[in-house]
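Q: The structure under discussion is supplied below as structure tokens; questions concerning it will follow.
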Amino acid sequence: MDFIRKVQEKAARHPKAILFPESREEMILRAASQVWELGIAKPVLLGRQDEITALAEGLNLSTQGFGFLDPDDEAVVDQMVERYLTISDLFSEKALRRKFKQPLNFGAAAVRVGLADCLAAGYTCATGDVVLAAQMFIGMRPGISTASSLGIVEFPNWDKGSQGNFLVFTDCAVQPRPTAEELADIAVASSYTVRSLLGWEPRVAMLSFSTKGSAAHQDVDTVREAVALAREKAPELLVDGEFQLDSAIVPAAAAKKVKEPSPVAGRANVLVFPNLGAGNIGIKLTQIFCGAVAYGPMLQGFAKPVTDFSRSAPLEEIVGNLAMLVVQAGGGK
């Protein structure tokens, strides 16, 4: 947990406002209370203040210092609609009022208009619903059109990586079978996340079952095309591939298999999996057989930071994700 403690310390330097749409859930109330007590963030909860405060008091929690937004208050809705229409013409007033009846949509829109810095949801909502609300009302980061996820993996018995015993895995939670364009977006978005959250210089390896043409297949072609597109999108980033896993992170394997100069081969700290199956299997293999600890997943690619909780997540994991969310939002600078 040293990693999370360091993230929390960083977040506490410049706390941010986190909006919680699922404000009536016990775990969310406990997480909101804890991030406030730790000085990480100011919680902003959706719902009636008196009702939420009563729920919190029943759990021996204080809501002092919290902000509240009541989506059932007509005056609040009127203000939200007016503010949103000044920055986006995607929806008509009538459509906005209808969509704002869904707490996730209202919460995402509140973040977009500046009533909070970031959105935290998913404890009762499906990941797809969180992603959709964020896409519709927060929008995507300029130059990125693909939502994805990122996990930070800590290996207790392996410290030979370029970042010691840490690696970043992406995408292991959102895009089932990404196209070359989507893989390129994932690579670029992950680089931005890694810089803002971890302060690393990202070295991104696009993974495959082939290393630099050692195998021929349309799936290899997709990864190879993604490398070219990522470099075109962000030429300042270090992105290379296609690599097998050993060629990406083991210097000796890279020296044997990669014949051309590469700033990534054997030294990658960000691994982009070719599809969700590979990513999901990969991260679970490391957890089961290596005892690896995975932090996240965090959603990425949006104009403002968004996190998606696992519905089975314990309190300490949720609080850790919230600290990472704050750092992404600019806390700790």
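In the structure tokens, chains take letters A, B, ... by order of appearance, with residues numbered from 1 within each chain and ligands from 1 in the order shown.
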Counting only C-alpha atoms, which residues in region 140-208 of chain A sit no more than 12 Å from region 256-263 of chain A? For each one, give the nearest pair of atoms and the distance in Å, sorted by chain then residue number, as a tab-separated table.

A:
```
residue	atom	partner	partner_atom	distance
A:Ser162	CA	A:Pro263	CA	11.8
A:Glu201	CA	A:Pro263	CA	11.3
A:Pro202	CA	A:Pro263	CA	10.5
A:Arg203	CA	A:Pro263	CA	7.5
A:Val204	CA	A:Pro263	CA	9.5
A:Ala205	CA	A:Pro263	CA	10.1
```

Q: Could those selected residues go to a file with C-alpha atoms, as a short mmCIF file (atom, residue, chain, number, x, y, z; two decimals), in the first residue's frame?

A:
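Result file out38.cif:
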```cif
data_model
loop_
_atom_site.label_atom_id
_atom_site.label_comp_id
_atom_site.auth_asym_id
_atom_site.auth_seq_id
_atom_site.Cartn_x
_atom_site.Cartn_y
_atom_site.Cartn_z
CA SER A 162 12.32 0.11 -16.17
CA GLU A 201 8.15 9.23 -19.19
CA PRO A 202 5.82 6.73 -20.92
CA ARG A 203 7.39 4.09 -23.14
CA VAL A 204 4.47 2.38 -24.81
CA ALA A 205 4.68 -1.13 -26.23
#
```

Q: Using 12 Å as the limit and counting only C-alpha atoms, can you tabulate each residue of region 151-220 of chain A that touches region 300-320 of chain A, with its shortest atom-to-atom distance in Å and the two atoms involved, as a tab-separated table?

A:
```
residue	atom	partner	partner_atom	distance
A:Gly151	CA	A:Gln300	CA	10.5
A:Ile152	CA	A:Gly320	CA	11.8
A:Thr170	CA	A:Gln300	CA	10.2
A:Asp171	CA	A:Gln300	CA	9.9
A:Ala173	CA	A:Asp308	CA	10.2
A:Val174	CA	A:Gln300	CA	10.1
A:Gln175	CA	A:Gln300	CA	11.8
A:Glu182	CA	A:Gly301	CA	11.0
A:Ala184	CA	A:Gly301	CA	11.7
A:Asp185	CA	A:Gly301	CA	8.0
A:Ile186	CA	A:Gly301	CA	7.8
A:Ala187	CA	A:Gly301	CA	10.3
A:Val188	CA	A:Gly301	CA	8.9
A:Ala189	CA	A:Gly301	CA	5.5
A:Ser190	CA	A:Gln300	CA	7.4
A:Ser191	CA	A:Gln300	CA	10.3
A:Tyr192	CA	A:Gly301	CA	8.9
A:Thr193	CA	A:Gln300	CA	7.2
A:Val194	CA	A:Gln300	CA	10.5
A:Ser196	CA	A:Pro305	CA	11.0
A:Leu197	CA	A:Pro305	CA	11.1
```

Q: Do you have the CA of Ala226 (chain A)-CA of Val272 (chain A) distance handy?

A: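 So the two atoms, CA of Ala226 (chain A) and CA of Val272 (chain A), lie 10.5 Å apart.
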
Q: Mind checking which residues fall within 10 Å of Leu325 (chain A), counting only C-alpha atoms, ignoring those fewer than 2 positions away in the same chain, and posting them as a JSON list (two decimals) with N, CA and C atoms, in the first residue's frame?

A:
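What follows is the written file result28.json:
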```
[["chain", "number", "residue", "atom", "x", "y", "z"],
["A", 7, "VAL", "N", 0.31, 8.29, -3.43],
["A", 7, "VAL", "CA", -0.69, 8.96, -4.25],
["A", 7, "VAL", "C", -1.58, 9.84, -3.39],
["A", 11, "ALA", "N", -2.18, 13.77, -3.73],
["A", 11, "ALA", "CA", -3.52, 14.34, -3.92],
["A", 11, "ALA", "C", -3.84, 15.39, -2.87],
["A", 16, "LYS", "N", -9.30, 18.21, -4.86],
["A", 16, "LYS", "CA", -10.26, 18.55, -5.91],
["A", 16, "LYS", "C", -11.66, 18.13, -5.48],
["A", 18, "ILE", "N", -14.91, 16.04, -6.04],
["A", 18, "ILE", "CA", -15.35, 14.82, -6.70],
["A", 18, "ILE", "C", -16.86, 14.71, -6.60],
["A", 41, "ALA", "N", -10.00, 15.33, -1.02],
["A", 41, "ALA", "CA", -11.01, 15.87, -1.91],
["A", 41, "ALA", "C", -12.19, 16.43, -1.14],
["A", 117, "ASP", "N", -14.70, 18.74, -10.18],
["A", 117, "ASP", "CA", -13.53, 18.53, -11.03],
["A", 117, "ASP", "C", -13.50, 17.17, -11.71],
["A", 118, "CYS", "N", -14.18, 16.19, -11.11],
["A", 118, "CYS", "CA", -14.14, 14.83, -11.65],
["A", 118, "CYS", "C", -15.35, 14.04, -11.18],
["A", 119, "LEU", "N", -15.59, 12.92, -11.85],
["A", 119, "LEU", "CA", -16.77, 12.08, -11.62],
["A", 119, "LEU", "C", -16.35, 10.72, -11.11],
["A", 120, "ALA", "N", -17.03, 10.25, -10.04],
["A", 120, "ALA", "CA", -16.75, 8.93, -9.48],
["A", 120, "ALA", "C", -18.05, 8.15, -9.38],
["A", 197, "LEU", "N", -0.44, 11.09, -13.72],
["A", 197, "LEU", "CA", -0.64, 10.35, -12.47],
["A", 197, "LEU", "C", 0.66, 9.89, -11.84],
["A", 296, "GLY", "N", -6.70, 0.25, -9.81],
["A", 296, "GLY", "CA", -7.60, 0.67, -10.88],
["A", 296, "GLY", "C", -8.68, -0.38, -11.06],
["A", 298, "MET", "N", -8.76, 2.59, -14.05],
["A", 298, "MET", "CA", -9.22, 3.97, -14.19],
["A", 298, "MET", "C", -9.67, 4.18, -15.62],
["A", 299, "LEU", "N", -10.76, 4.90, -15.77],
["A", 299, "LEU", "CA", -11.20, 5.25, -17.12],
["A", 299, "LEU", "C", -10.34, 6.40, -17.63],
["A", 304, "LYS", "N", -12.48, 15.38, -18.76],
["A", 304, "LYS", "CA", -12.20, 15.52, -17.33],
["A", 304, "LYS", "C", -12.15, 14.12, -16.72],
["A", 305, "PRO", "N", -11.42, 13.97, -15.62],
["A", 305, "PRO", "CA", -11.21, 12.63, -15.08],
["A", 305, "PRO", "C", -12.49, 11.94, -14.60],
["A", 306, "VAL", "N", -12.57, 10.65, -14.89],
["A", 306, "VAL", "CA", -13.71, 9.82, -14.51],
["A", 306, "VAL", "C", -13.16, 8.50, -13.98],
["A", 307, "THR", "N", -13.74, 8.00, -12.88],
["A", 307, "THR", "CA", -13.36, 6.67, -12.41],
["A", 307, "THR", "C", -14.59, 5.80, -12.31],
["A", 319, "VAL", "N", -11.10, 4.26, -2.03],
["A", 319, "VAL", "CA", -10.39, 5.47, -1.60],
["A", 319, "VAL", "C", -9.10, 5.64, -2.41],
["A", 320, "GLY", "N", -8.41, 4.54, -2.68],
["A", 320, "GLY", "CA", -7.21, 4.61, -3.51],
["A", 320, "GLY", "C", -7.51, 5.10, -4.91],
["A", 321, "ASN", "N", -8.59, 4.60, -5.50],
["A", 321, "ASN", "CA", -8.99, 5.06, -6.83],
["A", 321, "ASN", "C", -9.35, 6.54, -6.82],
["A", 322, "LEU", "N", -9.99, 6.99, -5.75],
["A", 322, "LEU", "CA", -10.36, 8.41, -5.65],
["A", 322, "LEU", "C", -9.12, 9.29, -5.54],
["A", 323, "ALA", "N", -8.10, 8.82, -4.82],
["A", 323, "ALA", "CA", -6.85, 9.58, -4.74],
["A", 323, "ALA", "C", -6.20, 9.70, -6.11],
["A", 327, "VAL", "N", -5.37, 13.17, -8.43],
["A", 327, "VAL", "CA", -4.08, 13.48, -9.04],
["A", 327, "VAL", "C", -4.23, 13.71, -10.53],
["A", 328, "GLN", "N", -5.06, 12.88, -11.18],
["A", 328, "GLN", "CA", -5.33, 13.09, -12.61],
["A", 328, "GLN", "C", -5.96, 14.44, -12.87],
["A", 329, "ALA", "N", -6.77, 14.91, -11.92],
["A", 329, "ALA", "CA", -7.45, 16.19, -12.09],
["A", 329, "ALA", "C", -6.54, 17.38, -11.82],
["A", 330, "GLY", "N", -5.30, 17.10, -11.44],
["A", 330, "GLY", "CA", -4.34, 18.18, -11.23],
["A", 330, "GLY", "C", -3.91, 18.34, -9.79],
["A", 331, "GLY", "N", -4.46, 17.51, -8.90],
["A", 331, "GLY", "CA", -4.01, 17.57, -7.51],
["A", 331, "GLY", "C", -2.58, 17.07, -7.40]]
```

Q: Residues near Gln244 (chain A), anyone? I mean within 10 Å using only C-alpha atoms, not counting same-chain ones fewer than 4 positions away, as an NGL selection string.

A: :A and (205-212 or 214 or 248-249 or 253-254 or 257 or 265)

Q: Output N, CA and C atoms of each residue in that selection to a file, as a PDB file, in the first residue's frame.

A:
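Okay, this is what ended up in selection.pdb:
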```pdb
ATOM      1  N   ALA A 205       4.504   0.031 -25.363  1.00  0.00           N
ATOM      2  CA  ALA A 205       4.684  -1.133 -26.233  1.00  0.00           C
ATOM      3  C   ALA A 205       3.321  -1.641 -26.677  1.00  0.00           C
ATOM      4  N   MET A 206       3.129  -1.751 -27.992  1.00  0.00           N
ATOM      5  CA  MET A 206       1.908  -2.314 -28.560  1.00  0.00           C
ATOM      6  C   MET A 206       2.127  -3.824 -28.713  1.00  0.00           C
ATOM      7  N   LEU A 207       1.404  -4.607 -27.922  1.00  0.00           N
ATOM      8  CA  LEU A 207       1.662  -6.042 -27.823  1.00  0.00           C
ATOM      9  C   LEU A 207       0.953  -6.851 -28.900  1.00  0.00           C
ATOM     10  N   SER A 208       1.574  -7.993 -29.223  1.00  0.00           N
ATOM     11  CA  SER A 208       1.027  -8.919 -30.206  1.00  0.00           C
ATOM     12  C   SER A 208       1.662 -10.284 -29.962  1.00  0.00           C
ATOM     13  N   PHE A 209       1.344 -11.253 -30.809  1.00  0.00           N
ATOM     14  CA  PHE A 209       2.057 -12.536 -30.761  1.00  0.00           C
ATOM     15  C   PHE A 209       3.216 -12.522 -31.741  1.00  0.00           C
ATOM     16  N   SER A 210       3.518 -11.362 -32.289  1.00  0.00           N
ATOM     17  CA  SER A 210       4.603 -11.171 -33.246  1.00  0.00           C
ATOM     18  C   SER A 210       5.506 -10.047 -32.774  1.00  0.00           C
ATOM     19  N   THR A 211       6.788 -10.169 -33.089  1.00  0.00           N
ATOM     20  CA  THR A 211       7.740  -9.089 -32.829  1.00  0.00           C
ATOM     21  C   THR A 211       8.331  -8.611 -34.138  1.00  0.00           C
ATOM     22  N   LYS A 212       7.957  -7.408 -34.527  1.00  0.00           N
ATOM     23  CA  LYS A 212       8.543  -6.751 -35.702  1.00  0.00           C
ATOM     24  C   LYS A 212       8.549  -7.642 -36.948  1.00  0.00           C
ATOM     25  N   SER A 214       7.758 -10.967 -37.126  1.00  0.00           N
ATOM     26  CA  SER A 214       8.110 -12.389 -36.989  1.00  0.00           C
ATOM     27  C   SER A 214       6.952 -13.305 -37.353  1.00  0.00           C
ATOM     28  N   ALA A 248       9.102  -6.653 -25.186  1.00  0.00           N
ATOM     29  CA  ALA A 248       8.717  -5.337 -24.668  1.00  0.00           C
ATOM     30  C   ALA A 248       9.396  -5.002 -23.350  1.00  0.00           C
ATOM     31  N   ILE A 249       9.595  -6.016 -22.492  1.00  0.00           N
ATOM     32  CA  ILE A 249      10.038  -5.690 -21.123  1.00  0.00           C
ATOM     33  C   ILE A 249      11.331  -6.373 -20.692  1.00  0.00           C
ATOM     34  N   ALA A 253      15.812 -10.270 -24.308  1.00  0.00           N
ATOM     35  CA  ALA A 253      14.925 -10.735 -25.382  1.00  0.00           C
ATOM     36  C   ALA A 253      14.825  -9.685 -26.483  1.00  0.00           C
ATOM     37  N   ALA A 254      14.754  -8.432 -26.075  1.00  0.00           N
ATOM     38  CA  ALA A 254      14.677  -7.349 -27.067  1.00  0.00           C
ATOM     39  C   ALA A 254      15.947  -7.301 -27.912  1.00  0.00           C
ATOM     40  N   LYS A 257      15.642 -10.161 -30.463  1.00  0.00           N
ATOM     41  CA  LYS A 257      14.525 -10.183 -31.404  1.00  0.00           C
ATOM     42  C   LYS A 257      14.334  -8.884 -32.185  1.00  0.00           C
ATOM     43  N   ALA A 265      11.710  -1.033 -26.848  1.00  0.00           N
ATOM     44  CA  ALA A 265      11.980  -2.469 -26.751  1.00  0.00           C
ATOM     45  C   ALA A 265      12.820  -2.799 -25.520  1.00  0.00           C
TER      46      ALA A 265
END
```

Q: If you run DSSP over the backbone, which residues in region 42-241 of chain A end up alpha helix (DSSP H)? Put them as a ChimeraX atom specification.

A: /A:49-58,74-87,93-99,103-112,127-137,180-198,218-233

Q: Please provide the set of residues having any atom within 8 Å of region 94-106 of chain A, restricted to only C-alpha atoms, with same-chain residues fewer than 4 positions apart removed, written as a ChimeraX atom specification.

A: /A:21-22,46,71,77,81,110,121,129-130,133-134,137

Q: Emit the selected residues as an mmCIF file, in the first residue's frame, including C-alpha atoms.

A:
```
data_model
loop_
_atom_site.group_PDB
_atom_site.id
_atom_site.type_symbol
_atom_site.label_atom_id
_atom_site.label_comp_id
_atom_site.auth_asym_id
_atom_site.auth_seq_id
_atom_site.Cartn_x
_atom_site.Cartn_y
_atom_site.Cartn_z
ATOM 1 C CA PRO A 21 -24.022 10.329 -8.226
ATOM 2 C CA GLU A 22 -24.549 7.183 -6.091
ATOM 3 C CA LEU A 46 -26.238 14.228 -5.708
ATOM 4 C CA PRO A 71 -31.433 16.960 -9.274
ATOM 5 C CA VAL A 77 -32.132 21.816 -12.851
ATOM 6 C CA VAL A 81 -29.722 23.349 -18.201
ATOM 7 C CA ALA A 110 -22.265 18.971 -13.502
ATOM 8 C CA ALA A 121 -19.396 6.284 -10.144
ATOM 9 C CA ASP A 129 -23.406 3.263 -18.303
ATOM 10 C CA VAL A 130 -20.617 5.301 -16.694
ATOM 11 C CA ALA A 133 -22.726 9.235 -19.542
ATOM 12 C CA ALA A 134 -19.155 10.557 -19.591
ATOM 13 C CA PHE A 137 -21.928 14.965 -21.153
#
```

Q: DSSP on the backbone, strand (DSSP E or B) only: what residues of region 84-143 of chain A does that give? Format it as a list in words.

A: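 Everything in region 84-143 of chain A that counts as strand (DSSP E or B) is Cys118, Leu119, Ala120, Ala121 and Met140 of chain A.
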
Q: So that I have them on file, write out the residues from the current selection with C-alpha atoms, as a JSON list (two decimals), in the first residue's frame.

A:
```json
[["chain", "number", "residue", "atom", "x", "y", "z"],
["A", 118, "CYS", "CA", -14.14, 14.83, -11.65],
["A", 119, "LEU", "CA", -16.77, 12.08, -11.62],
["A", 120, "ALA", "CA", -16.75, 8.93, -9.48],
["A", 121, "ALA", "CA", -19.40, 6.28, -10.14],
["A", 140, "MET", "CA", -13.60, 13.32, -24.95]]
```

Q: Tell me which protein, DNA and RNA residues are within 7 Å of Asp70 (chain A), counting only C-alpha atoms, leaving out same-chain ones fewer than 2 positions away, and put them as a PyMOL selection string.

A: chain A and resi 46-48+68+72-73+76

Q: Work out how far CA of Met136 (chain A) is from CA of Glu82 (chain A), in Å to one decimal.

A: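 Value for the CA of Glu82 (chain A)-CA of Met136 (chain A) distance: 16.9 Å.
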
Q: Rounded to one decimal in Å, what is the spacing between CA of Gly213 (chain A) and CA of Leu245 (chain A)?

A: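 We find that CA of Gly213 (chain A) and CA of Leu245 (chain A) lie 14.4 Å from each other.
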
Q: Taking into account only C-alpha atoms, which residue in the set A:Asn269, A:Asn280, A:Gln135, A:Thr146 is nearest to Arg112 (chain A)?

A: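 Among the listed residues, A:Gln135 lies closest to Arg112 (chain A).
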
Q: If you count only C-alpha atoms, which residues fall within 8 Å of region 30-33 of chain A, apart from same-chain ones fewer than 2 positions away, as a list in words?

A: Glu26, Met27, Ile28, Val35, Trp36, Glu37, Pro43, Leu61, Ser62, Thr63, Leu315, Ile318 and Val319 of chain A

Q: Would you put the residues from that selection into a file with N, CA and C atoms, as a compact mmCIF listing (two decimals), in the first residue's frame?

A:
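Written output follows (again-v8.txt):
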```txt
# COMPACT_ATOMS: atom_id res chain seq x y z
N GLU A 26 -24.07 3.10 1.14
CA GLU A 26 -23.25 3.16 2.35
C GLU A 26 -21.76 3.25 2.01
N MET A 27 -21.30 2.42 1.08
CA MET A 27 -19.88 2.41 0.75
C MET A 27 -19.43 3.75 0.16
N ILE A 28 -20.28 4.36 -0.62
CA ILE A 28 -19.94 5.66 -1.20
C ILE A 28 -19.88 6.73 -0.12
N VAL A 35 -12.22 10.43 2.19
CA VAL A 35 -11.37 11.32 1.39
C VAL A 35 -11.42 12.75 1.93
N TRP A 36 -12.55 13.13 2.53
CA TRP A 36 -12.62 14.44 3.17
C TRP A 36 -11.71 14.49 4.40
N GLU A 37 -11.78 13.44 5.23
CA GLU A 37 -10.95 13.40 6.44
C GLU A 37 -9.46 13.36 6.10
N PRO A 43 -16.09 16.11 -1.31
CA PRO A 43 -17.15 15.34 -1.96
C PRO A 43 -18.34 16.24 -2.31
N LEU A 61 -21.39 8.94 10.43
CA LEU A 61 -20.53 9.72 9.55
C LEU A 61 -21.00 11.16 9.50
N SER A 62 -20.06 12.07 9.35
CA SER A 62 -20.40 13.48 9.22
C SER A 62 -20.34 13.89 7.75
N THR A 63 -21.24 14.79 7.37
CA THR A 63 -21.20 15.35 6.02
C THR A 63 -20.72 16.80 6.04
N LEU A 315 -13.53 -0.76 0.68
CA LEU A 315 -13.40 0.67 0.92
C LEU A 315 -12.00 1.19 0.59
N ILE A 318 -11.54 1.70 -3.12
CA ILE A 318 -12.29 2.86 -3.62
C ILE A 318 -11.56 4.15 -3.27
N VAL A 319 -11.10 4.26 -2.03
CA VAL A 319 -10.39 5.47 -1.60
C VAL A 319 -9.10 5.64 -2.41
```
